[in-house]
Amino acid sequence: MTSRLTDAELVARCREGDEEAWAELVERFSRYVYAIAVQGFRLSEQDAEDVFQEVFARTYERLDRLREDSAVRPWLAQLTRNLCVDRLRERARVEPTEDIETGADETLAELDLALDVREALEALGDPCSDLLDRFFCRDESYRTIGEGLELPPGTIASRISRCLAKMRVQLEGRNDGPAASGGR
Amino acid sequence: MSANPWNEERLGFLIGLLRPAPQGWVEAASQLPRLRLVLDDLVERAQADAAFRATLIADLEAALAREGVEPTPRLVRELQTRLS
């Protein structure tokens with residue numbers, strides 16, 4: 001479904017008007033943008049949706065202004081952050097809100113790291129990618145996953161464990177650890 | 001627990017942080033290039049044809065629907081802004 005184009009290659013194709021590349025860029029970063037809004041800044045679903053759509057609308061309009069195509073990821077993170085802060089400040093005028101902005105930075109660093117892990121997950125391909133996504137992101141039980149794949153729950157558990165071990169090898173091969181890449 | 005920074009528990013936690021965004025949001029964002037073309041076309045025709053502009057402004061939602069586009073509040077607002 002998704003290609004293994006680098007971020008820079010994907011951005012270059014989007015700039016050329018490639019609609020499939022655009023859809024892939026949205027898909028690649030949709031979880032990240034969503035998580036920043038909902039987990040980092042704890043926006044309501046309505047506000048998070050507005051921010052989400054605004055982030056991608058502005059990205060689409062301003063791709064030409066990106067100095068380096070490979071920098072799309074931190075650029076998206078910063079744009080999402082700014083729009084979330086704007087939204088919180090608008091809300092704070094109407095009703096008092098706790099100071100979420102100050103607590104967001106730590107969560108954002110974790111989400112950045114989570115995106116590294118996500119890239120490693122997608123590089124693994126199926127069935128590992130699907131299996132781990134179902135279990136950790138969609139909260140499907142061993143039983144539910146097993147029913148879908150016609151496998152016993154115990155087999156699912158051992159496959160998840162093997163897939164995680166594969167991921168570890170892949171991430172260790174990158175020669176950095178969670179702490180080293182968390183503060184990008 | 002393993003001393004490895006990428007231990008299974010930590011990996012599972014990090015994978016679980018990035019949950020899927022609602023499908024409708026992703027689809028709407030994915031369709032931006034096409035939506036832009038539709039809006040550009042409507043605005044251009046409205047600038048060239050006063051009668052078309054009047055019909056368009058009278059019912060923006062219907063105009064968008066006629067173009068095969070779901071008239072979401074966001075899209076209607078955007079068209080409204082571009083026509084004003």
# chains A, B, ... in the order shown; residues from 1 in each chain; ligands from 1
>>> closest_atom_pairs(of="chain A", to="chain B", cutoff="7 Å", atoms="only C-alpha atoms", output="JSON lines")
{"residue": "A:Glu19", "atom": "CA", "partner": "B:Pro33", "partner_atom": "CA", "distance": 6.6}
{"residue": "A:Trp22", "atom": "CA", "partner": "B:Ser30", "partner_atom": "CA", "distance": 6.6}
{"residue": "A:Ala23", "atom": "CA", "partner": "B:Ser30", "partner_atom": "CA", "distance": 4.6}
{"residue": "A:Val26", "atom": "CA", "partner": "B:Ser30", "partner_atom": "CA", "distance": 6.0}
{"residue": "A:Glu27", "atom": "CA", "partner": "B:Val26", "partner_atom": "CA", "distance": 6.9}
{"residue": "A:Ser30", "atom": "CA", "partner": "B:Ala21", "partner_atom": "CA", "distance": 6.2}
{"residue": "A:Arg31", "atom": "CA", "partner": "B:Pro20", "partner_atom": "CA", "distance": 5.3}
{"residue": "A:Tyr32", "atom": "CA", "partner": "B:Leu18", "partner_atom": "CA", "distance": 6.2}
{"residue": "A:Tyr34", "atom": "CA", "partner": "B:Ala21", "partner_atom": "CA", "distance": 5.8}
{"residue": "A:Ala35", "atom": "CA", "partner": "B:Leu18", "partner_atom": "CA", "distance": 6.2}
{"residue": "A:Glu49", "atom": "CA", "partner": "B:Trp25", "partner_atom": "CA", "distance": 7.0}
{"residue": "A:Gln53", "atom": "CA", "partner": "B:Ala29", "partner_atom": "CA", "distance": 6.1}
{"residue": "A:Phe56", "atom": "CA", "partner": "B:Ala29", "partner_atom": "CA", "distance": 6.2}
{"residue": "A:Leu111", "atom": "CA", "partner": "B:Leu17", "partner_atom": "CA", "distance": 6.9}
{"residue": "A:Ala114", "atom": "CA", "partner": "B:Leu14", "partner_atom": "CA", "distance": 4.8}
{"residue": "A:Val117", "atom": "CA", "partner": "B:Ile15", "partner_atom": "CA", "distance": 6.5}
{"residue": "A:Arg118", "atom": "CA", "partner": "B:Ile15", "partner_atom": "CA", "distance": 6.3}
{"residue": "A:Phe136", "atom": "CA", "partner": "B:Gly16", "partner_atom": "CA", "distance": 4.7}
{"residue": "A:Cys137", "atom": "CA", "partner": "B:Gly16", "partner_atom": "CA", "distance": 4.6}
{"residue": "A:Leu164", "atom": "CA", "partner": "B:Glu8", "partner_atom": "CA", "distance": 6.2}
{"residue": "A:Arg168", "atom": "CA", "partner": "B:Trp6", "partner_atom": "CA", "distance": 5.9}
{"residue": "A:Gly177", "atom": "CA", "partner": "B:Pro5", "partner_atom": "CA", "distance": 6.0}
{"residue": "A:Pro178", "atom": "CA", "partner": "B:Pro5", "partner_atom": "CA", "distance": 6.2}
>>> residues_around(residues="range 49-66 of chain B", least_positions_apart="2", cutoff="12 Å", atoms="only C-alpha atoms", output="PyMOL selection string")
chain B and resi 35-47+68-84
>>> atom_distance(atom1="CA of Leu149 in chain A", atom2="CA of Ser161 in chain A")
16.5 Å
>>> residues_around(residues="Ala37 in chain A", least_positions_apart="2", cutoff="9 Å", atoms="only C-alpha atoms", output="list in words")
Tyr32, Val33, Tyr34, Ala35, Gln39, Gly40, Phe41, Arg42, Leu43, Ser44, Asp47, Ala48, Glu49, Val51, Phe52, Thr80, Arg81, Leu83 and Cys84 of chain A
>>> select_by_dssp(residues="chain B", states="alpha helix (DSSP H)", output="count of residues only")
62
>>> atom_distance(atom1="CA of Arg58 in chain A", atom2="CA of Gln78 in chain A")
12.2 Å
>>> decode(residues="range 13-143 of chain A", atoms="C-alpha atoms", output="PDB file, in the first residue's frame")
ATOM      1  CA  ARG A  13       6.510  14.156  -6.010  1.00  0.00           C
ATOM      2  CA  CYS A  14       3.792  16.075  -4.169  1.00  0.00           C
ATOM      3  CA  ARG A  15       5.265  19.297  -5.456  1.00  0.00           C
ATOM      4  CA  GLU A  16       5.013  17.940  -8.980  1.00  0.00           C
ATOM      5  CA  GLY A  17       1.287  17.456  -8.436  1.00  0.00           C
ATOM      6  CA  ASP A  18       1.307  13.696  -7.900  1.00  0.00           C
ATOM      7  CA  GLU A  19      -1.988  13.056  -6.101  1.00  0.00           C
ATOM      8  CA  GLU A  20      -1.043   9.538  -5.043  1.00  0.00           C
ATOM      9  CA  ALA A  21       2.108  10.876  -3.441  1.00  0.00           C
ATOM     10  CA  TRP A  22       0.034  13.421  -1.575  1.00  0.00           C
ATOM     11  CA  ALA A  23      -2.314  10.720  -0.290  1.00  0.00           C
ATOM     12  CA  GLU A  24       0.720   8.764   0.847  1.00  0.00           C
ATOM     13  CA  LEU A  25       2.189  11.763   2.620  1.00  0.00           C
ATOM     14  CA  VAL A  26      -1.093  12.260   4.474  1.00  0.00           C
ATOM     15  CA  GLU A  27      -1.198   8.571   5.365  1.00  0.00           C
ATOM     16  CA  ARG A  28       2.434   8.574   6.513  1.00  0.00           C
ATOM     17  CA  PHE A  29       2.012  11.493   8.899  1.00  0.00           C
ATOM     18  CA  SER A  30      -1.671  11.313   9.837  1.00  0.00           C
ATOM     19  CA  ARG A  31      -1.102   9.353  13.044  1.00  0.00           C
ATOM     20  CA  TYR A  32       1.696  11.671  14.095  1.00  0.00           C
ATOM     21  CA  VAL A  33      -0.323  14.861  13.571  1.00  0.00           C
ATOM     22  CA  TYR A  34      -3.348  13.303  15.268  1.00  0.00           C
ATOM     23  CA  ALA A  35      -1.286  12.190  18.249  1.00  0.00           C
ATOM     24  CA  ILE A  36       0.303  15.612  18.713  1.00  0.00           C
ATOM     25  CA  ALA A  37      -3.128  17.222  18.803  1.00  0.00           C
ATOM     26  CA  VAL A  38      -4.885  14.657  20.979  1.00  0.00           C
ATOM     27  CA  GLN A  39      -2.132  13.346  23.235  1.00  0.00           C
ATOM     28  CA  GLY A  40       0.352  16.209  23.231  1.00  0.00           C
ATOM     29  CA  PHE A  41      -2.136  19.037  23.611  1.00  0.00           C
ATOM     30  CA  ARG A  42      -5.226  17.108  24.688  1.00  0.00           C
ATOM     31  CA  LEU A  43      -7.478  18.894  22.214  1.00  0.00           C
ATOM     32  CA  SER A  44     -11.110  17.866  21.948  1.00  0.00           C
ATOM     33  CA  GLU A  45     -12.038  15.768  18.909  1.00  0.00           C
ATOM     34  CA  GLN A  46     -13.615  18.805  17.245  1.00  0.00           C
ATOM     35  CA  ASP A  47     -10.571  21.014  17.784  1.00  0.00           C
ATOM     36  CA  ALA A  48      -8.234  18.186  16.841  1.00  0.00           C
ATOM     37  CA  GLU A  49     -10.091  17.673  13.568  1.00  0.00           C
ATOM     38  CA  ASP A  50      -9.860  21.379  12.739  1.00  0.00           C
ATOM     39  CA  VAL A  51      -6.146  21.389  13.509  1.00  0.00           C
ATOM     40  CA  PHE A  52      -5.587  18.162  11.558  1.00  0.00           C
ATOM     41  CA  GLN A  53      -7.264  19.520   8.425  1.00  0.00           C
ATOM     42  CA  GLU A  54      -5.579  22.891   8.765  1.00  0.00           C
ATOM     43  CA  VAL A  55      -2.149  21.277   9.090  1.00  0.00           C
ATOM     44  CA  PHE A  56      -2.547  19.361   5.851  1.00  0.00           C
ATOM     45  CA  ALA A  57      -4.205  22.263   4.030  1.00  0.00           C
ATOM     46  CA  ARG A  58      -1.296  24.557   4.919  1.00  0.00           C
ATOM     47  CA  THR A  59       1.218  21.878   4.105  1.00  0.00           C
ATOM     48  CA  TYR A  60      -0.325  21.433   0.685  1.00  0.00           C
ATOM     49  CA  GLU A  61      -0.303  25.165   0.039  1.00  0.00           C
ATOM     50  CA  ARG A  62       3.184  25.763   1.332  1.00  0.00           C
ATOM     51  CA  LEU A  63       5.208  22.810   0.121  1.00  0.00           C
ATOM     52  CA  ASP A  64       7.074  25.198  -2.158  1.00  0.00           C
ATOM     53  CA  ARG A  65       8.368  27.080   0.854  1.00  0.00           C
ATOM     54  CA  LEU A  66       9.956  24.061   2.478  1.00  0.00           C
ATOM     55  CA  ARG A  67      13.697  24.707   2.397  1.00  0.00           C
ATOM     56  CA  GLU A  68      14.641  21.042   2.529  1.00  0.00           C
ATOM     57  CA  ASP A  69      12.291  18.310   1.388  1.00  0.00           C
ATOM     58  CA  SER A  70      13.660  15.925   4.000  1.00  0.00           C
ATOM     59  CA  ALA A  71      12.633  18.380   6.730  1.00  0.00           C
ATOM     60  CA  VAL A  72       8.926  17.824   6.208  1.00  0.00           C
ATOM     61  CA  ARG A  73       8.600  15.852   9.420  1.00  0.00           C
ATOM     62  CA  PRO A  74       9.892  18.471  11.892  1.00  0.00           C
ATOM     63  CA  TRP A  75       8.098  21.092   9.825  1.00  0.00           C
ATOM     64  CA  LEU A  76       4.796  19.252  10.240  1.00  0.00           C
ATOM     65  CA  ALA A  77       5.437  18.801  13.939  1.00  0.00           C
ATOM     66  CA  GLN A  78       6.100  22.506  14.408  1.00  0.00           C
ATOM     67  CA  LEU A  79       3.083  23.522  12.357  1.00  0.00           C
ATOM     68  CA  THR A  80       0.822  21.174  14.319  1.00  0.00           C
ATOM     69  CA  ARG A  81       2.267  22.426  17.572  1.00  0.00           C
ATOM     70  CA  ASN A  82       1.684  26.067  16.633  1.00  0.00           C
ATOM     71  CA  LEU A  83      -1.894  25.450  15.558  1.00  0.00           C
ATOM     72  CA  CYS A  84      -2.624  23.499  18.751  1.00  0.00           C
ATOM     73  CA  VAL A  85      -1.202  26.308  20.883  1.00  0.00           C
ATOM     74  CA  ASP A  86      -3.306  28.854  18.973  1.00  0.00           C
ATOM     75  CA  ARG A  87      -6.381  26.745  19.577  1.00  0.00           C
ATOM     76  CA  LEU A  88      -5.657  26.387  23.290  1.00  0.00           C
ATOM     77  CA  ARG A  89      -5.128  30.116  23.639  1.00  0.00           C
ATOM     78  CA  GLU A  90      -8.417  30.832  21.889  1.00  0.00           C
ATOM     79  CA  ARG A  91     -10.148  28.463  24.286  1.00  0.00           C
ATOM     80  CA  ALA A  92      -8.380  29.958  27.302  1.00  0.00           C
ATOM     81  CA  ARG A  93     -10.015  33.309  26.554  1.00  0.00           C
ATOM     82  CA  VAL A  94     -13.408  31.726  27.032  1.00  0.00           C
ATOM     83  CA  GLU A  95     -12.768  29.229  29.801  1.00  0.00           C
ATOM     84  CA  PRO A  96      -9.774  28.638  32.064  1.00  0.00           C
ATOM     85  CA  THR A  97      -7.645  25.712  30.947  1.00  0.00           C
ATOM     86  CA  GLU A  98      -4.767  24.057  32.702  1.00  0.00           C
ATOM     87  CA  ASP A  99      -1.375  24.877  31.349  1.00  0.00           C
ATOM     88  CA  ILE A 100      -1.094  22.085  28.824  1.00  0.00           C
ATOM     89  CA  GLU A 101       1.485  23.818  26.679  1.00  0.00           C
ATOM     90  CA  THR A 102       4.254  23.355  29.195  1.00  0.00           C
ATOM     91  CA  GLY A 103       3.636  19.645  29.582  1.00  0.00           C
ATOM     92  CA  ALA A 104       3.436  18.971  25.857  1.00  0.00           C
ATOM     93  CA  ASP A 105       7.142  19.020  25.027  1.00  0.00           C
ATOM     94  CA  GLU A 106       7.913  15.736  26.740  1.00  0.00           C
ATOM     95  CA  THR A 107       5.002  14.016  25.024  1.00  0.00           C
ATOM     96  CA  LEU A 108       6.072  15.441  21.676  1.00  0.00           C
ATOM     97  CA  ALA A 109       9.553  13.964  22.107  1.00  0.00           C
ATOM     98  CA  GLU A 110       7.971  10.573  22.787  1.00  0.00           C
ATOM     99  CA  LEU A 111       5.758  10.904  19.730  1.00  0.00           C
ATOM    100  CA  ASP A 112       8.754  11.746  17.607  1.00  0.00           C
ATOM    101  CA  LEU A 113      10.417   8.591  18.789  1.00  0.00           C
ATOM    102  CA  ALA A 114       7.190   6.688  18.209  1.00  0.00           C
ATOM    103  CA  LEU A 115       7.277   7.823  14.587  1.00  0.00           C
ATOM    104  CA  ASP A 116      10.785   6.358  14.233  1.00  0.00           C
ATOM    105  CA  VAL A 117       9.422   3.095  15.563  1.00  0.00           C
ATOM    106  CA  ARG A 118       6.444   3.341  13.229  1.00  0.00           C
ATOM    107  CA  GLU A 119       8.782   3.683  10.253  1.00  0.00           C
ATOM    108  CA  ALA A 120      10.649   0.582  11.406  1.00  0.00           C
ATOM    109  CA  LEU A 121       7.315  -1.220  11.775  1.00  0.00           C
ATOM    110  CA  GLU A 122       6.270  -0.368   8.237  1.00  0.00           C
ATOM    111  CA  ALA A 123       9.671  -1.402   6.933  1.00  0.00           C
ATOM    112  CA  LEU A 124       9.064  -4.852   8.428  1.00  0.00           C
ATOM    113  CA  GLY A 125       6.075  -5.266   6.121  1.00  0.00           C
ATOM    114  CA  ASP A 126       3.238  -7.724   6.598  1.00  0.00           C
ATOM    115  CA  PRO A 127       2.379  -9.867   8.410  1.00  0.00           C
ATOM    116  CA  CYS A 128       4.392  -8.264  11.248  1.00  0.00           C
ATOM    117  CA  SER A 129       3.285  -4.735  10.489  1.00  0.00           C
ATOM    118  CA  ASP A 130      -0.385  -5.683  10.467  1.00  0.00           C
ATOM    119  CA  LEU A 131      -0.094  -7.921  13.496  1.00  0.00           C
ATOM    120  CA  LEU A 132       1.643  -5.351  15.689  1.00  0.00           C
ATOM    121  CA  ASP A 133      -0.659  -2.585  14.552  1.00  0.00           C
ATOM    122  CA  ARG A 134      -3.747  -4.606  15.395  1.00  0.00           C
ATOM    123  CA  PHE A 135      -2.474  -5.546  18.805  1.00  0.00           C
ATOM    124  CA  PHE A 136      -0.878  -2.323  20.001  1.00  0.00           C
ATOM    125  CA  CYS A 137      -2.767   0.383  18.085  1.00  0.00           C
ATOM    126  CA  ARG A 138      -6.212  -1.090  17.611  1.00  0.00           C
ATOM    127  CA  ASP A 139      -6.372  -2.981  20.893  1.00  0.00           C
ATOM    128  CA  GLU A 140      -7.441  -6.219  19.240  1.00  0.00           C
ATOM    129  CA  SER A 141      -7.052  -9.257  21.478  1.00  0.00           C
ATOM    130  CA  TYR A 142      -5.050 -12.384  20.588  1.00  0.00           C
ATOM    131  CA  ARG A 143      -8.393 -14.074  20.111  1.00  0.00           C
TER     132      ARG A 143
END
